[in-house]
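Asks: I have a structure I would like to understand better, so I am pasting it below and will then ask my questions one at a time.
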Amino acid sequence: MSTKPNVPVLILTGLLVLVFQGPSYSQNLSDTTIKSIKTEIYKTFNKSIEAGETLDVDGIESNIDDSLKSGFIDNGQYFETFDELMVGFKQGIQGLESQDMTVTNKKITVLSESKVLLTTSGTYAAKVVDGRVLKGKFAWSFVYSKINGKWKVIHSHMSNP
């Protein structure tokens, strides 16, 4: 009986260990890292809320990166690009002074060091220039990606029932 190691089996075993261990370690993030990422996402999301409340189009656009062309959904309508979505938004805010958004639910799921899902819901009150206040609810999902060191929304699904 030979005691020589079977070289092809050893090589195959080593490759399998690398293949299966590599990805499992790459997504294991420490609690500190997850907490830090969540804090960064909360700050970015809050900037978007502030921009939305003041109807600051530039502020809203500054938190978006559409380079991946992943699409955006707003009230059941699909938009291939963020620019297409903004055409309707810019028309929709004509005649509004401001809006107040109250977030009642918010959950951040850290998918990796560079990908995050944020889901949220709440209520809004939009003040029209004639003094009326339009009220409603919202439910949104945002996919964030860290691009050039900054968190940007790369996809959104927004509903305002």
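Each chain of the structure tokens is named A, B, ... in the order shown, its residues numbered from 1; ligands are numbered from 1 in display order.
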From a DSSP pass on the backbone, collect the residues of stretch 72-108 of chain A flagged as strand (DSSP E) and hand them back as a VMD selection string.

Replies: chain A and resid 72 to 74 77 to 79 96 to 108

Asks: Excluding stretch 151-157 of chain A and residues on its chain fewer than 3 positions from it, collect all residues at most 8 Å away from it, counting only C-alpha atoms, and give them as a short mmCIF file (atom, residue, chain, number, x, y, z; two decimals) with N, CA and C atoms, in the first residue's frame.

Replies:
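Result file follows (out_38.cif):
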```cif
data_model
loop_
_atom_site.label_atom_id
_atom_site.label_comp_id
_atom_site.auth_asym_id
_atom_site.auth_seq_id
_atom_site.Cartn_x
_atom_site.Cartn_y
_atom_site.Cartn_z
N GLU A 40 -23.66 55.95 8.44
CA GLU A 40 -23.43 56.67 7.19
C GLU A 40 -24.69 56.70 6.33
N ILE A 41 -25.40 55.59 6.26
CA ILE A 41 -26.62 55.51 5.46
C ILE A 41 -27.70 56.42 6.06
N THR A 44 -26.95 59.94 5.01
CA THR A 44 -27.24 60.15 3.59
C THR A 44 -28.75 60.20 3.36
N ASN A 63 -27.58 62.78 -4.20
CA ASN A 63 -27.51 61.50 -3.50
C ASN A 63 -27.75 60.30 -4.40
N ILE A 64 -27.78 60.53 -5.71
CA ILE A 64 -28.09 59.47 -6.67
C ILE A 64 -26.89 59.23 -7.58
N ASP A 65 -26.68 57.98 -7.95
CA ASP A 65 -25.70 57.62 -8.99
C ASP A 65 -26.40 56.64 -9.92
N ASP A 66 -26.65 57.07 -11.14
CA ASP A 66 -27.38 56.25 -12.11
C ASP A 66 -26.45 55.62 -13.13
N SER A 67 -25.17 55.53 -12.82
CA SER A 67 -24.21 54.99 -13.80
C SER A 67 -24.46 53.52 -14.11
N LEU A 68 -25.08 52.78 -13.20
CA LEU A 68 -25.35 51.36 -13.45
C LEU A 68 -26.65 51.14 -14.23
N LYS A 69 -27.46 52.20 -14.36
CA LYS A 69 -28.73 52.14 -15.10
C LYS A 69 -29.59 50.98 -14.61
N SER A 70 -29.76 50.90 -13.28
CA SER A 70 -30.52 49.80 -12.69
C SER A 70 -32.02 50.04 -12.69
N GLY A 71 -32.45 51.24 -13.05
CA GLY A 71 -33.88 51.54 -13.13
C GLY A 71 -34.44 52.05 -11.82
N PHE A 72 -35.55 52.75 -11.93
CA PHE A 72 -36.23 53.34 -10.78
C PHE A 72 -37.72 53.12 -10.96
N ILE A 73 -38.43 52.91 -9.87
CA ILE A 73 -39.87 52.68 -9.92
C ILE A 73 -40.54 53.70 -9.02
N ASP A 74 -41.58 54.34 -9.57
CA ASP A 74 -42.33 55.33 -8.80
C ASP A 74 -43.82 55.10 -9.05
N ASN A 75 -44.54 54.72 -7.99
CA ASN A 75 -45.99 54.49 -8.07
C ASN A 75 -46.38 53.57 -9.23
N TRP A 140 -41.09 53.25 0.71
CA TRP A 140 -39.97 53.31 -0.23
C TRP A 140 -38.93 52.24 0.09
N SER A 141 -38.20 51.84 -0.96
CA SER A 141 -37.01 50.99 -0.83
C SER A 141 -35.89 51.66 -1.62
N PHE A 142 -34.72 51.71 -1.03
CA PHE A 142 -33.55 52.28 -1.70
C PHE A 142 -32.40 51.29 -1.63
N VAL A 143 -31.71 51.11 -2.74
CA VAL A 143 -30.47 50.34 -2.75
C VAL A 143 -29.34 51.35 -2.86
N TYR A 144 -28.45 51.30 -1.87
CA TYR A 144 -27.30 52.19 -1.83
C TYR A 144 -26.05 51.41 -2.22
N SER A 145 -25.14 52.11 -2.88
CA SER A 145 -23.84 51.55 -3.20
C SER A 145 -22.78 52.59 -2.86
N LYS A 146 -21.67 52.14 -2.34
CA LYS A 146 -20.58 53.06 -2.03
C LYS A 146 -19.77 53.25 -3.30
N ILE A 147 -19.83 54.47 -3.83
CA ILE A 147 -19.18 54.79 -5.10
C ILE A 147 -18.23 55.95 -4.86
#
```

Asks: If you count only C-alpha atoms, which residues fall within 12 Å of A:Gly131, apart from same-chain ones fewer than 3 positions away, as number ranges by chain?

Replies: A: 95-98, 125-128, 134

Asks: Can you list, as number ranges by chain, all residues belonging to chain A that DSSP tags as helix (DSSP H, G or I)?

Replies: A: 7-26, 31-53, 57-61, 82-92

Asks: What does the distance from atom CA of A:Glu50 to atom CA of A:Lys38 come to in Å, to one decimal?

Replies: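 Atom-to-atom, atom CA of A:Glu50 to atom CA of A:Lys38, that is 18.1 Å.
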
Asks: Can you pull out the residues contacting A:Pro161? Cut-off 9 Å, using only C-alpha atoms, and skip same-chain residues under 3 positions away; I want them as a PyMOL selection string.

Replies: chain A and resi 75+136-139
